[in-house]
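Below you'll find the structure, written out as structure tokens, and then a few comments.
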Amino acid sequence: MRSLQFTTESSSDGMTGRDFLLGDIPGVLWSPDPAGAPAPLVLMGHGGGAHKKHRAMVGRAHLLVKDCGFHAAVLDAPGHGDRPRTALDERDIAALRTAQAAGEPESPVVVPYNARLAEQAVPEYRALLDALRELPEIGAEGPVGYVGMGLGMAIGVPLVAAEPRITAAVFGMAWPDALFDAARRISVPVEFDVQWDDERVPRESALALFDAFASKEKTLHANAGTHVAWPLFEAESATRFFARHLGGQVTPTA
């Protein structure tokens, strides 16, 4: 089992952020300040090219911690943030940039790249869950959710399929090509975000993945706009979704 070591801590406006190392993997845990009774945990996955403290991660954490009293945690994905890139990472990133510059499809590069990163990241997140549930402020029996867009979804779909302790999930905005088998093994409640005019992820493929989820409760959120026009209010919707399924009540801050 990988050891969890907290390295730095800072508190502001009722929320504490603690950087940690899970073995040699960097991550961050945001929690209510002051800590109270054990509270639900939401694992988060960041997008491709981002990192654990990207503004999207900080913003989601603020909603989950401040509005719901939950904990939120994220790891740097392999080759992202404070983790070194391998030669394979450099090769795939260069191939992606070449395809983008030439106006060629990205999916032949991104799909296997994301799948390779997910193969490494899924056991890392499961080890993180083991470690975090030993903390008294989270506990071994509390509910757990997962949210991830883009690369975070590419990691999250196989993670949720493999991890029975995760009981609700929010996904979206990723190429689904390598995810169908895992999606068919997911039966927990799912909220799924689609950009209707996404120029990168084909609408038909995204809708097919939504159909593949075995969940009896699954909700499709389709918004007009391109890939980069994802509306921020969907983060608030995800917070309400987790409040319903993990327990708790959303109490918006001023």
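Chain labels A, B, ... are given in the sequence in which chains occur in the structure tokens; within each chain residues are numbered consecutively from 1, and ligands are likewise numbered from 1 in the order shown.
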
Residues within 10 Å of Gly79 of chain A, please, as a ChimeraX atom specification. Count only C-alpha atoms; anything in the same chain fewer than 3 positions from it doesn't count. /A:48-49,51,76,82-90,117

From the DSSP assignment of the backbone, select every residue of segment 30-232 of chain A that is helix (DSSP H, G or I), and format the answer as JSON, numbers by chain. {"A": [55, 56, 57, 58, 59, 60, 61, 62, 63, 64, 65, 66, 67, 68, 87, 88, 89, 90, 91, 92, 93, 94, 95, 96, 97, 98, 99, 100, 101, 102, 107, 108, 109, 110, 111, 112, 113, 114, 115, 116, 117, 118, 119, 120, 121, 122, 123, 124, 125, 126, 127, 128, 129, 130, 131, 132, 151, 152, 153, 154, 155, 156, 157, 158, 159, 160, 161, 162, 180, 181, 182, 183, 203, 204, 205, 206, 207, 208, 209, 210, 211, 212, 227, 228, 229]}

Mind checking which residues fall within 8 Å of His227 of chain A, counting only C-alpha atoms, ignoring those fewer than 3 positions away in the same chain, and posting them as a short mmCIF file (atom, residue, chain, number, x, y, z; two decimals) with N, CA and C atoms, in the first residue's frame?
data_model
loop_
_atom_site.label_atom_id
_atom_site.label_comp_id
_atom_site.auth_asym_id
_atom_site.auth_seq_id
_atom_site.Cartn_x
_atom_site.Cartn_y
_atom_site.Cartn_z
N MET A 173 -17.09 15.14 -21.83
CA MET A 173 -16.11 15.89 -22.61
C MET A 173 -14.87 15.10 -22.98
N GLN A 195 -21.36 18.62 -24.94
CA GLN A 195 -21.48 19.86 -25.71
C GLN A 195 -22.03 19.51 -27.09
N ASP A 197 -22.39 20.97 -29.86
CA ASP A 197 -21.67 21.40 -31.06
C ASP A 197 -20.17 21.14 -30.93
N ASP A 198 -19.80 20.14 -30.12
CA ASP A 198 -18.40 19.82 -29.87
C ASP A 198 -17.70 19.47 -31.17
N GLU A 199 -16.68 20.22 -31.49
CA GLU A 199 -15.93 20.00 -32.72
C GLU A 199 -14.84 18.94 -32.55
N ARG A 200 -14.63 18.47 -31.33
CA ARG A 200 -13.57 17.51 -31.06
C ARG A 200 -14.13 16.12 -30.76
N VAL A 201 -15.15 16.05 -29.93
CA VAL A 201 -15.76 14.77 -29.56
C VAL A 201 -17.09 14.65 -30.30
N TRP A 230 -17.95 24.85 -22.51
CA TRP A 230 -18.65 24.13 -21.43
C TRP A 230 -19.09 25.13 -20.36
#

Residues near Gly14 of chain A, cut-off 10 Å, only C-alpha atoms, skip fewer than 6 positions along chain, as a count of residues only: 9

Point-to-point distance from atom CA of Gly247 of chain A to atom CA of Ala183 of chain A, Å rounded to tenths: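 According to the coordinates, atom CA of Gly247 of chain A and atom CA of Ala183 of chain A are separated by 24.2 Å.
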
Could you please write out, as a PyMOL selection string, every residue of segment 95-222 of chain A that DSSP assigns to strand (DSSP E)? chain A and resi 144-149+166-172+190-195+218-222

Report the distance between atom CA of Glu163 of chain A and atom CA of Ala238 of chain A in Å, rounded to one decimal place. 19.9 Å
